[in-house]
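Asker: Encoded as structure tokens, here's the structure I'll be asking about.
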Amino acid sequence: MNHTEDYKHLFSIYQRILDEIDVGIHVINKEGKTIIYNKKMVEIEGMNVEDVLDKNILDVFTFHQNEDSTLLQALKKGKTTKNSKQTYFNNKGQEITTINDTFPIINEDRIIGAIEIARDVTKLEKLIRQNIHKKGDTKYTFDSIIGSSEEIKAVIETSKRATRTVSSILIIGETGTGKELFAQSIHNGSPRSSAPFITQNCAALPDTLIEGILFGTKKGAFTGAIERPGLFELAEGGTLLLDEINSLNPALQAKLLRAIQEKKIRRVGDTKDIEVDVRIIATINEDPIDAITAGRLRKDLYYRLSVVSLFIPPLRNRKEDIEELVHFFIEKYNHIFGMSVKGIEQDVLNQFKKYDWPGNVRELEHIIEGSMNLIDYEDMISYTHLPISFRNKPQFKDDFSSESNGSDFMITNGKSIKPLEQYMEEAEVYYLRKVLKHHDYNITKAAAALGMSRQNLQYRMRKYNIQKS
């Protein structure tokens, strides 16, 4: 084997090693052009190898200033950096954040290039920035809570009393009931309103990340770890909202319990405690007793959090608030969309009050927003403006058909005359369902009875989402 073949084999080995290691490797020559760019770096920076190789890094990446490039600092100044955080943009304008070890490559007392070993923390940085709400960023107060039912007024009254203390609060409610709205209102109504309000969804991150985000990290605690305060420290003097507390693993729940009881936290990898002054508000979307029984919530943590317990009623238990909520959302989206919708037809509102609303207030808002996207020249939301997926829910469409259409499609009960197009569509849907049901949803027989092809009938069934109940 000659020297050329030896070099080829050696190069293949080096290339394989570079592509298999779990850190990004980026090497530039003395002109600042990339000469080595491994597979992990491709993943971190979201580009192809050919986008970077043999190109000057300033032609590929955008930095806040040229000197912010740790590679260029190593090349021009011979500067070595360890665990240095760097934020920059790739050639698509996407933001990237890495933790780098960077050093110059020196040969015979001359700098001939620079090498960077990078670890990706882009997602972690974005999550931390998204979770921090400084003074003025919390937009909800008790005036933002819509409803005059006794159920919702009782929760508001209890919540207002809780603003006077620093006790932990557990907010219990189904998805979409407005738990964060209450949490922000309590914070804004308390003496802590000028301090940070920070929120973290405990179900959004794996256990390996959530502990460092909550309690902070000490430099060197693990590969890529830097000195970073956690959300407890960032919320100092204010409020920390922990959403879906039942999704934390038991070990983290135990550490959280200690932090609440002792008012101290310890960063990951550290040996010293840090005192914190933070009010904890936690939310849970299931019955806490069920969560304890199933092992999803520690009993001792439940007792510590539930000094004040708020039970947010689902929308099906306060249906008298539906009309008020509907008009509030119409006004909200009138403002956003620049529209002038006046209201909702009474027959649709009546059906809203019969529906169970499994998605609660959030589902109602989405339905109103979707309906207003479908309005053309009308000034009232009617049945045909409702999103098709909602119109065809069995509980909703069956009730509406029996009330709105009738067997002979007569206008009764003083209902306003609808536009012909809307009336004809409702009549068509009703009649198609009736014929299909008569033939037990046999497409061939129903199509023959209707005098149309199977394909035409199937098209209309898909259009109106008609399915066998």
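Identifiers in the structure tokens: chain A, B, ... in order shown; residue index from 1 per chain; ligand index from 1 in order shown.
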Determine which residues of region 51-103 of chain A receive a DSSP assignment of strand (DSSP E), computed from the backbone, and state them as a VMD selection string.
Answerer: chain A and resid 81 to 89 95 to 103
Asker: Write out, as a PDB file, in the first residue's frame, the residues just selected, with C-alpha atoms.
Answerer:
```pdb
ATOM      1  CA  THR A  81     -12.593  30.270  25.238  1.00  0.00           C
ATOM      2  CA  LYS A  82     -14.290  27.565  27.291  1.00  0.00           C
ATOM      3  CA  ASN A  83     -18.054  27.070  27.819  1.00  0.00           C
ATOM      4  CA  SER A  84     -18.794  30.313  26.004  1.00  0.00           C
ATOM      5  CA  LYS A  85     -22.392  30.928  24.893  1.00  0.00           C
ATOM      6  CA  GLN A  86     -22.852  32.328  21.390  1.00  0.00           C
ATOM      7  CA  THR A  87     -26.039  33.338  19.556  1.00  0.00           C
ATOM      8  CA  TYR A  88     -25.983  33.879  15.790  1.00  0.00           C
ATOM      9  CA  PHE A  89     -28.043  33.257  12.605  1.00  0.00           C
ATOM     10  CA  GLU A  95     -31.404  31.844  15.339  1.00  0.00           C
ATOM     11  CA  ILE A  96     -28.900  29.369  16.811  1.00  0.00           C
ATOM     12  CA  THR A  97     -27.423  29.308  20.311  1.00  0.00           C
ATOM     13  CA  THR A  98     -24.442  27.107  21.188  1.00  0.00           C
ATOM     14  CA  ILE A  99     -22.051  26.531  24.070  1.00  0.00           C
ATOM     15  CA  ASN A 100     -18.533  26.500  22.617  1.00  0.00           C
ATOM     16  CA  ASP A 101     -14.961  25.522  23.378  1.00  0.00           C
ATOM     17  CA  THR A 102     -12.867  27.446  20.852  1.00  0.00           C
ATOM     18  CA  PHE A 103      -9.102  27.658  20.395  1.00  0.00           C
TER      19      PHE A 103
END
```
Asker: Mind checking which residues fall within 7 Å of Thr141 (chain A), counting only C-alpha atoms, ignoring those fewer than 2 positions away in the same chain, and posting them as a JSON list (two decimals) with all heavy atoms, in the first residue's frame?
Answerer:
```
[["chain", "number", "residue", "atom", "x", "y", "z"],
["A", 139, "LYS", "N", -51.16, 40.22, 31.15],
["A", 139, "LYS", "CA", -52.22, 41.09, 30.65],
["A", 139, "LYS", "C", -53.56, 40.87, 31.34],
["A", 139, "LYS", "O", -54.48, 41.66, 31.16],
["A", 139, "LYS", "CB", -52.39, 40.87, 29.15],
["A", 139, "LYS", "CG", -52.67, 39.43, 28.75],
["A", 139, "LYS", "CD", -52.71, 39.28, 27.24],
["A", 139, "LYS", "CE", -52.95, 37.82, 26.84],
["A", 139, "LYS", "NZ", -52.98, 37.67, 25.37],
["A", 143, "ASP", "N", -60.83, 41.69, 36.02],
["A", 143, "ASP", "CA", -61.78, 42.29, 35.09],
["A", 143, "ASP", "C", -61.81, 41.55, 33.75],
["A", 143, "ASP", "O", -62.73, 41.73, 32.96],
["A", 143, "ASP", "CB", -61.43, 43.76, 34.85],
["A", 143, "ASP", "CG", -61.66, 44.62, 36.09],
["A", 143, "ASP", "OD1", -62.49, 44.21, 36.92],
["A", 143, "ASP", "OD2", -61.00, 45.67, 36.21],
["A", 144, "SER", "N", -60.77, 40.74, 33.50],
["A", 144, "SER", "CA", -60.71, 39.99, 32.24],
["A", 144, "SER", "C", -61.57, 38.74, 32.26],
["A", 144, "SER", "O", -61.80, 38.13, 31.21],
["A", 144, "SER", "CB", -59.26, 39.57, 31.94],
["A", 144, "SER", "OG", -58.37, 40.67, 32.01],
["A", 184, "GLN", "N", -52.70, 34.75, 36.59],
["A", 184, "GLN", "CA", -52.22, 36.11, 36.30],
["A", 184, "GLN", "C", -53.02, 37.15, 37.07],
["A", 184, "GLN", "O", -52.46, 38.15, 37.55],
["A", 184, "GLN", "CB", -52.30, 36.39, 34.80],
["A", 184, "GLN", "CG", -51.25, 35.69, 33.98],
["A", 184, "GLN", "CD", -51.13, 36.26, 32.58],
["A", 184, "GLN", "OE1", -51.49, 37.41, 32.33],
["A", 184, "GLN", "NE2", -50.61, 35.47, 31.66],
["A", 185, "SER", "N", -54.33, 36.94, 37.18],
["A", 185, "SER", "CA", -55.17, 37.90, 37.91],
["A", 185, "SER", "C", -54.76, 37.97, 39.38],
["A", 185, "SER", "O", -54.72, 39.07, 39.97],
["A", 185, "SER", "CB", -56.64, 37.48, 37.80],
["A", 185, "SER", "OG", -57.07, 37.50, 36.46],
["A", 188, "ASN", "N", -51.43, 39.89, 39.52],
["A", 188, "ASN", "CA", -51.60, 41.32, 39.27],
["A", 188, "ASN", "C", -52.39, 42.04, 40.36],
["A", 188, "ASN", "O", -52.30, 43.25, 40.50],
["A", 188, "ASN", "CB", -52.28, 41.54, 37.92],
["A", 188, "ASN", "CG", -51.32, 41.36, 36.76],
["A", 188, "ASN", "OD1", -50.13, 41.62, 36.88],
["A", 188, "ASN", "ND2", -51.82, 40.89, 35.63]]
```
Asker: Could you jot down the CA of Glu365 (chain A) to CA of Phe329 (chain A) separation for me, Å, one decimal place?
Answerer: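 CA of Glu365 (chain A) sits 6.2 Å away from CA of Phe329 (chain A).
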Asker: Contacts of Gly189 (chain A) at 10 Å or less, counting only C-alpha atoms, minus same-chain residues fewer than 6 places along, as an NGL selection string?
Answerer: :A and (140-142 or 159-164 or 183)
Asker: For those residues, write all heavy atoms to a file as an mmCIF file, in the first residue's frame.
Answerer:
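Saved to again_2.cif:
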```cif
data_model
loop_
_atom_site.group_PDB
_atom_site.id
_atom_site.type_symbol
_atom_site.label_atom_id
_atom_site.label_comp_id
_atom_site.auth_asym_id
_atom_site.auth_seq_id
_atom_site.Cartn_x
_atom_site.Cartn_y
_atom_site.Cartn_z
ATOM 1 N N TYR A 140 -53.708 39.788 32.112
ATOM 2 C CA TYR A 140 -55.017 39.466 32.670
ATOM 3 C C TYR A 140 -55.177 39.976 34.101
ATOM 4 O O TYR A 140 -54.255 39.874 34.917
ATOM 5 C CB TYR A 140 -55.254 37.957 32.655
ATOM 6 C CG TYR A 140 -55.276 37.364 31.265
ATOM 7 C CD1 TYR A 140 -54.392 36.355 30.900
ATOM 8 C CD2 TYR A 140 -56.183 37.819 30.308
ATOM 9 C CE1 TYR A 140 -54.405 35.812 29.625
ATOM 10 C CE2 TYR A 140 -56.204 37.281 29.028
ATOM 11 C CZ TYR A 140 -55.311 36.273 28.704
ATOM 12 O OH TYR A 140 -55.338 35.746 27.437
ATOM 13 N N THR A 141 -56.357 40.502 34.383
ATOM 14 C CA THR A 141 -56.755 40.859 35.739
ATOM 15 C C THR A 141 -58.132 40.255 35.967
ATOM 16 O O THR A 141 -58.713 39.639 35.063
ATOM 17 C CB THR A 141 -56.825 42.394 35.908
ATOM 18 O OG1 THR A 141 -57.891 42.891 35.078
ATOM 19 C CG2 THR A 141 -55.515 43.056 35.510
ATOM 20 N N PHE A 142 -58.676 40.438 37.164
ATOM 21 C CA PHE A 142 -60.006 39.882 37.443
ATOM 22 C C PHE A 142 -61.085 40.484 36.532
ATOM 23 O O PHE A 142 -62.105 39.843 36.272
ATOM 24 C CB PHE A 142 -60.364 40.091 38.918
ATOM 25 C CG PHE A 142 -59.556 39.236 39.840
ATOM 26 C CD1 PHE A 142 -58.635 39.789 40.719
ATOM 27 C CD2 PHE A 142 -59.703 37.858 39.839
ATOM 28 C CE1 PHE A 142 -57.882 39.001 41.561
ATOM 29 C CE2 PHE A 142 -58.955 37.047 40.681
ATOM 30 C CZ PHE A 142 -58.042 37.621 41.547
ATOM 31 N N SER A 159 -60.468 33.905 44.851
ATOM 32 C CA SER A 159 -59.178 34.294 44.265
ATOM 33 C C SER A 159 -58.744 35.672 44.739
ATOM 34 O O SER A 159 -57.566 35.904 45.017
ATOM 35 C CB SER A 159 -59.264 34.273 42.731
ATOM 36 O OG SER A 159 -59.642 33.012 42.256
ATOM 37 N N LYS A 160 -59.694 36.602 44.818
ATOM 38 C CA LYS A 160 -59.354 37.952 45.279
ATOM 39 C C LYS A 160 -58.855 37.940 46.715
ATOM 40 O O LYS A 160 -57.928 38.681 47.063
ATOM 41 C CB LYS A 160 -60.575 38.864 45.143
ATOM 42 C CG LYS A 160 -60.885 39.258 43.703
ATOM 43 C CD LYS A 160 -62.086 40.185 43.621
ATOM 44 C CE LYS A 160 -62.333 40.656 42.188
ATOM 45 N NZ LYS A 160 -63.519 41.533 42.081
ATOM 46 N N ARG A 161 -59.446 37.094 47.544
ATOM 47 C CA ARG A 161 -58.976 36.982 48.929
ATOM 48 C C ARG A 161 -57.543 36.452 48.978
ATOM 49 O O ARG A 161 -56.747 36.845 49.829
ATOM 50 C CB ARG A 161 -59.896 36.066 49.727
ATOM 51 C CG ARG A 161 -61.285 36.641 49.975
ATOM 52 C CD ARG A 161 -62.165 35.621 50.649
ATOM 53 N NE ARG A 161 -63.552 36.069 50.732
ATOM 54 C CZ ARG A 161 -64.584 35.276 50.937
ATOM 55 N NH1 ARG A 161 -64.382 33.967 51.088
ATOM 56 N NH2 ARG A 161 -65.805 35.754 50.996
ATOM 57 N N ALA A 162 -57.229 35.549 48.031
ATOM 58 C CA ALA A 162 -55.896 34.937 48.028
ATOM 59 C C ALA A 162 -54.799 35.905 47.621
ATOM 60 O O ALA A 162 -53.614 35.625 47.828
ATOM 61 C CB ALA A 162 -55.892 33.729 47.091
ATOM 62 N N THR A 163 -55.156 37.060 47.043
ATOM 63 C CA THR A 163 -54.127 38.024 46.641
ATOM 64 C C THR A 163 -53.435 38.653 47.841
ATOM 65 O O THR A 163 -52.335 39.183 47.721
ATOM 66 C CB THR A 163 -54.739 39.153 45.786
ATOM 67 O OG1 THR A 163 -55.728 39.853 46.558
ATOM 68 C CG2 THR A 163 -55.375 38.596 44.526
ATOM 69 N N ARG A 164 -54.053 38.574 49.026
ATOM 70 C CA ARG A 164 -53.516 39.270 50.203
ATOM 71 C C ARG A 164 -52.374 38.521 50.857
ATOM 72 O O ARG A 164 -51.646 39.087 51.667
ATOM 73 C CB ARG A 164 -54.635 39.478 51.222
ATOM 74 C CG ARG A 164 -55.807 40.306 50.692
ATOM 75 C CD ARG A 164 -56.966 40.325 51.666
ATOM 76 N NE ARG A 164 -57.520 38.986 51.879
ATOM 77 C CZ ARG A 164 -58.584 38.723 52.639
ATOM 78 N NH1 ARG A 164 -59.194 39.720 53.263
ATOM 79 N NH2 ARG A 164 -59.029 37.498 52.764
ATOM 80 N N ALA A 183 -54.480 32.703 37.458
ATOM 81 C CA ALA A 183 -53.143 32.843 38.050
ATOM 82 C C ALA A 183 -52.587 34.250 37.821
ATOM 83 O O ALA A 183 -52.053 34.888 38.742
ATOM 84 C CB ALA A 183 -52.204 31.787 37.462
#
```
Asker: May I ask which of the residues A:Asn246, A:Thr444, A:Gln261, A:Arg266 is the closest one to Ala294 (chain A), counting only C-alpha atoms?
Answerer: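 Ranked by minimum distance to Ala294 (chain A), first place goes to A:Asn246.
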Asker: Please list as number ranges by chain every residue within 9 Å of Lys468 (chain A), counting only C-alpha atoms and excluding residues in the same chain fewer than 3 positions away.
Answerer: A: 433, 436-437, 440-441
Asker: Let's have the selection written as a PDB file, in the first residue's frame, with N, CA and C atoms.
Answerer:
```
ATOM      1  N   ARG A 433     -79.173  13.153   4.768  1.00  0.00           N
ATOM      2  CA  ARG A 433     -79.114  12.314   5.974  1.00  0.00           C
ATOM      3  C   ARG A 433     -80.357  11.416   6.058  1.00  0.00           C
ATOM      4  N   LEU A 436     -80.145   8.577   3.419  1.00  0.00           N
ATOM      5  CA  LEU A 436     -79.098   7.632   3.798  1.00  0.00           C
ATOM      6  C   LEU A 436     -79.535   6.768   4.972  1.00  0.00           C
ATOM      7  N   LYS A 437     -80.158   7.412   5.951  1.00  0.00           N
ATOM      8  CA  LYS A 437     -80.625   6.662   7.109  1.00  0.00           C
ATOM      9  C   LYS A 437     -81.685   5.640   6.706  1.00  0.00           C
ATOM     10  N   ASP A 440     -80.089   2.662   5.424  1.00  0.00           N
ATOM     11  CA  ASP A 440     -79.050   2.165   6.343  1.00  0.00           C
ATOM     12  C   ASP A 440     -77.649   2.483   5.820  1.00  0.00           C
ATOM     13  N   TYR A 441     -77.509   3.679   5.223  1.00  0.00           N
ATOM     14  CA  TYR A 441     -76.236   4.185   4.720  1.00  0.00           C
ATOM     15  C   TYR A 441     -75.617   3.295   3.641  1.00  0.00           C
TER      16      TYR A 441
END
```
Asker: For Arg460 (chain A), which of A:Lys79, A:Ile443, A:Ile35, A:Ala118 is the closest residue, counting only C-alpha atoms?
Answerer: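 When distances to Arg460 (chain A) are compared using only C-alpha atoms, the smallest one comes from A:Ile443.
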Asker: Would you list the contacts of Tyr37 (chain A) as a PyMOL selection string, taking every protein, DNA or RNA residue within 10 Å and counting only C-alpha atoms, but skipping same-chain residues closer than 6 positions in sequence?
Answerer: chain A and resi 15+18-19+24-28+48-50+52-54+116
Asker: Residues of the last selection are to be written out with N, CA, C and O atoms, as a PDB file, in the first residue's frame.
Answerer:
```pdb
ATOM      1  N   GLN A  15     -12.713  11.143   9.164  1.00  0.00           N
ATOM      2  CA  GLN A  15     -14.046  11.623   8.797  1.00  0.00           C
ATOM      3  C   GLN A  15     -15.129  10.853   9.543  1.00  0.00           C
ATOM      4  O   GLN A  15     -16.112  11.433  10.022  1.00  0.00           O
ATOM      5  N   LEU A  18     -15.232  12.018  13.184  1.00  0.00           N
ATOM      6  CA  LEU A  18     -15.829  13.348  13.296  1.00  0.00           C
ATOM      7  C   LEU A  18     -17.355  13.289  13.172  1.00  0.00           C
ATOM      8  O   LEU A  18     -18.080  14.020  13.851  1.00  0.00           O
ATOM      9  N   ASP A  19     -17.839  12.421  12.292  1.00  0.00           N
ATOM     10  CA  ASP A  19     -19.287  12.340  12.069  1.00  0.00           C
ATOM     11  C   ASP A  19     -20.009  11.554  13.157  1.00  0.00           C
ATOM     12  O   ASP A  19     -21.220  11.693  13.314  1.00  0.00           O
ATOM     13  N   GLY A  24     -20.627  19.292  17.806  1.00  0.00           N
ATOM     14  CA  GLY A  24     -20.345  19.908  16.518  1.00  0.00           C
ATOM     15  C   GLY A  24     -18.886  20.303  16.415  1.00  0.00           C
ATOM     16  O   GLY A  24     -18.307  20.848  17.364  1.00  0.00           O
ATOM     17  N   ILE A  25     -18.264  20.039  15.277  1.00  0.00           N
ATOM     18  CA  ILE A  25     -16.872  20.430  15.023  1.00  0.00           C
ATOM     19  C   ILE A  25     -16.841  21.344  13.806  1.00  0.00           C
ATOM     20  O   ILE A  25     -17.334  20.990  12.727  1.00  0.00           O
ATOM     21  N   HIS A  26     -16.272  22.519  13.987  1.00  0.00           N
ATOM     22  CA  HIS A  26     -16.160  23.499  12.901  1.00  0.00           C
ATOM     23  C   HIS A  26     -14.735  24.039  12.913  1.00  0.00           C
ATOM     24  O   HIS A  26     -14.275  24.600  13.914  1.00  0.00           O
ATOM     25  N   VAL A  27     -14.016  23.855  11.781  1.00  0.00           N
ATOM     26  CA  VAL A  27     -12.627  24.305  11.681  1.00  0.00           C
ATOM     27  C   VAL A  27     -12.509  25.253  10.500  1.00  0.00           C
ATOM     28  O   VAL A  27     -13.027  24.978   9.404  1.00  0.00           O
ATOM     29  N   ILE A  28     -11.813  26.386  10.730  1.00  0.00           N
ATOM     30  CA  ILE A  28     -11.556  27.336   9.650  1.00  0.00           C
ATOM     31  C   ILE A  28     -10.047  27.471   9.444  1.00  0.00           C
ATOM     32  O   ILE A  28      -9.250  27.228  10.363  1.00  0.00           O
ATOM     33  N   ASN A  48     -26.712  22.471   4.868  1.00  0.00           N
ATOM     34  CA  ASN A  48     -25.985  21.408   4.192  1.00  0.00           C
ATOM     35  C   ASN A  48     -24.484  21.678   4.249  1.00  0.00           C
ATOM     36  O   ASN A  48     -24.054  22.836   4.372  1.00  0.00           O
ATOM     37  N   VAL A  49     -23.689  20.619   4.132  1.00  0.00           N
ATOM     38  CA  VAL A  49     -22.232  20.766   4.183  1.00  0.00           C
ATOM     39  C   VAL A  49     -21.748  21.724   3.096  1.00  0.00           C
ATOM     40  O   VAL A  49     -20.892  22.593   3.339  1.00  0.00           O
ATOM     41  N   GLU A  50     -22.322  21.579   1.886  1.00  0.00           N
ATOM     42  CA  GLU A  50     -21.866  22.428   0.784  1.00  0.00           C
ATOM     43  C   GLU A  50     -22.201  23.899   0.992  1.00  0.00           C
ATOM     44  O   GLU A  50     -21.625  24.772   0.327  1.00  0.00           O
ATOM     45  N   VAL A  52     -21.465  25.475   3.599  1.00  0.00           N
ATOM     46  CA  VAL A  52     -20.479  26.025   4.532  1.00  0.00           C
ATOM     47  C   VAL A  52     -19.044  25.770   4.102  1.00  0.00           C
ATOM     48  O   VAL A  52     -18.189  26.656   4.201  1.00  0.00           O
ATOM     49  N   LEU A  53     -18.766  24.554   3.620  1.00  0.00           N
ATOM     50  CA  LEU A  53     -17.386  24.195   3.279  1.00  0.00           C
ATOM     51  C   LEU A  53     -16.789  25.139   2.240  1.00  0.00           C
ATOM     52  O   LEU A  53     -17.450  25.522   1.262  1.00  0.00           O
ATOM     53  N   ASP A  54     -15.532  25.529   2.482  1.00  0.00           N
ATOM     54  CA  ASP A  54     -14.751  26.378   1.574  1.00  0.00           C
ATOM     55  C   ASP A  54     -15.357  27.762   1.404  1.00  0.00           C
ATOM     56  O   ASP A  54     -15.127  28.432   0.401  1.00  0.00           O
ATOM     57  N   GLU A 116     -13.643  24.917  16.627  1.00  0.00           N
ATOM     58  CA  GLU A 116     -14.717  25.132  17.598  1.00  0.00           C
ATOM     59  C   GLU A 116     -15.438  23.817  17.852  1.00  0.00           C
ATOM     60  O   GLU A 116     -15.800  23.098  16.911  1.00  0.00           O
TER      61      GLU A 116
END
```
Asker: Taking only C-alpha atoms into account, which of A:Asn373, A:Thr34, A:Thr293, A:Ser306 comes nearest Ile171 (chain A)?
Answerer: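 Closest residue, counting only C-alpha atoms: A:Ser306.
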Asker: For CA of Leu257 (chain A) and CA of Ser193 (chain A), determine how far apart the two atoms are, in Å to one decimal place.
Answerer: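 About the pair CA of Leu257 (chain A) and CA of Ser193 (chain A): they are 24.2 Å apart.
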Asker: What is the CA of Gly78 (chain A) to CA of Lys30 (chain A) distance in Å?
Answerer: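 Between these atoms lies a distance of 11.5 Å.
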Asker: Would you mind telling me which residue in A:Val429, A:Ile152, A:Ile17, A:Val278 lies nearest to Ile388 (chain A) when using only C-alpha atoms?
Answerer: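 Answer, going by the shortest atom-to-atom distance: A:Val429.
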Asker: Using only C-alpha atoms, pick whichever of A:Ser168, A:Ile210, A:Lys299, A:His439 has the shortest atom-to-atom distance to Leu241 (chain A).
Answerer: A:Ser168
Asker: So which one's closest to Glu323 (chain A), A:Ile344, A:Leu58, A:Met380, A:Ile117? Using only C-alpha atoms, please.
Answerer: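 Counting only C-alpha atoms, the residue closest to Glu323 (chain A) is A:Ile344.
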Asker: Name the residues of region 74-118 of chain A that come out as helix (DSSP H, G or I) in a backbone DSSP run; write them as a PyMOL selection string.
Answerer: chain A and resi 74-77
Asker: Take the selection from the previous step and output its residues with N, CA, C and O atoms, as a PDB file, in the first residue's frame.
Answerer:
```
ATOM      1  N   ALA A  74     -10.626  33.494  17.998  1.00  0.00           N
ATOM      2  CA  ALA A  74      -9.506  32.559  18.128  1.00  0.00           C
ATOM      3  C   ALA A  74      -8.507  32.744  16.990  1.00  0.00           C
ATOM      4  O   ALA A  74      -7.287  32.665  17.190  1.00  0.00           O
ATOM      5  N   LEU A  75      -9.009  32.984  15.766  1.00  0.00           N
ATOM      6  CA  LEU A  75      -8.136  33.129  14.599  1.00  0.00           C
ATOM      7  C   LEU A  75      -7.344  34.436  14.636  1.00  0.00           C
ATOM      8  O   LEU A  75      -6.128  34.450  14.385  1.00  0.00           O
ATOM      9  N   LYS A  76      -8.022  35.537  14.958  1.00  0.00           N
ATOM     10  CA  LYS A  76      -7.373  36.848  14.873  1.00  0.00           C
ATOM     11  C   LYS A  76      -6.573  37.215  16.124  1.00  0.00           C
ATOM     12  O   LYS A  76      -5.557  37.903  16.043  1.00  0.00           O
ATOM     13  N   LYS A  77      -7.044  36.754  17.280  1.00  0.00           N
ATOM     14  CA  LYS A  77      -6.406  37.168  18.535  1.00  0.00           C
ATOM     15  C   LYS A  77      -5.746  36.025  19.281  1.00  0.00           C
ATOM     16  O   LYS A  77      -5.156  36.236  20.338  1.00  0.00           O
TER      17      LYS A  77
END
```
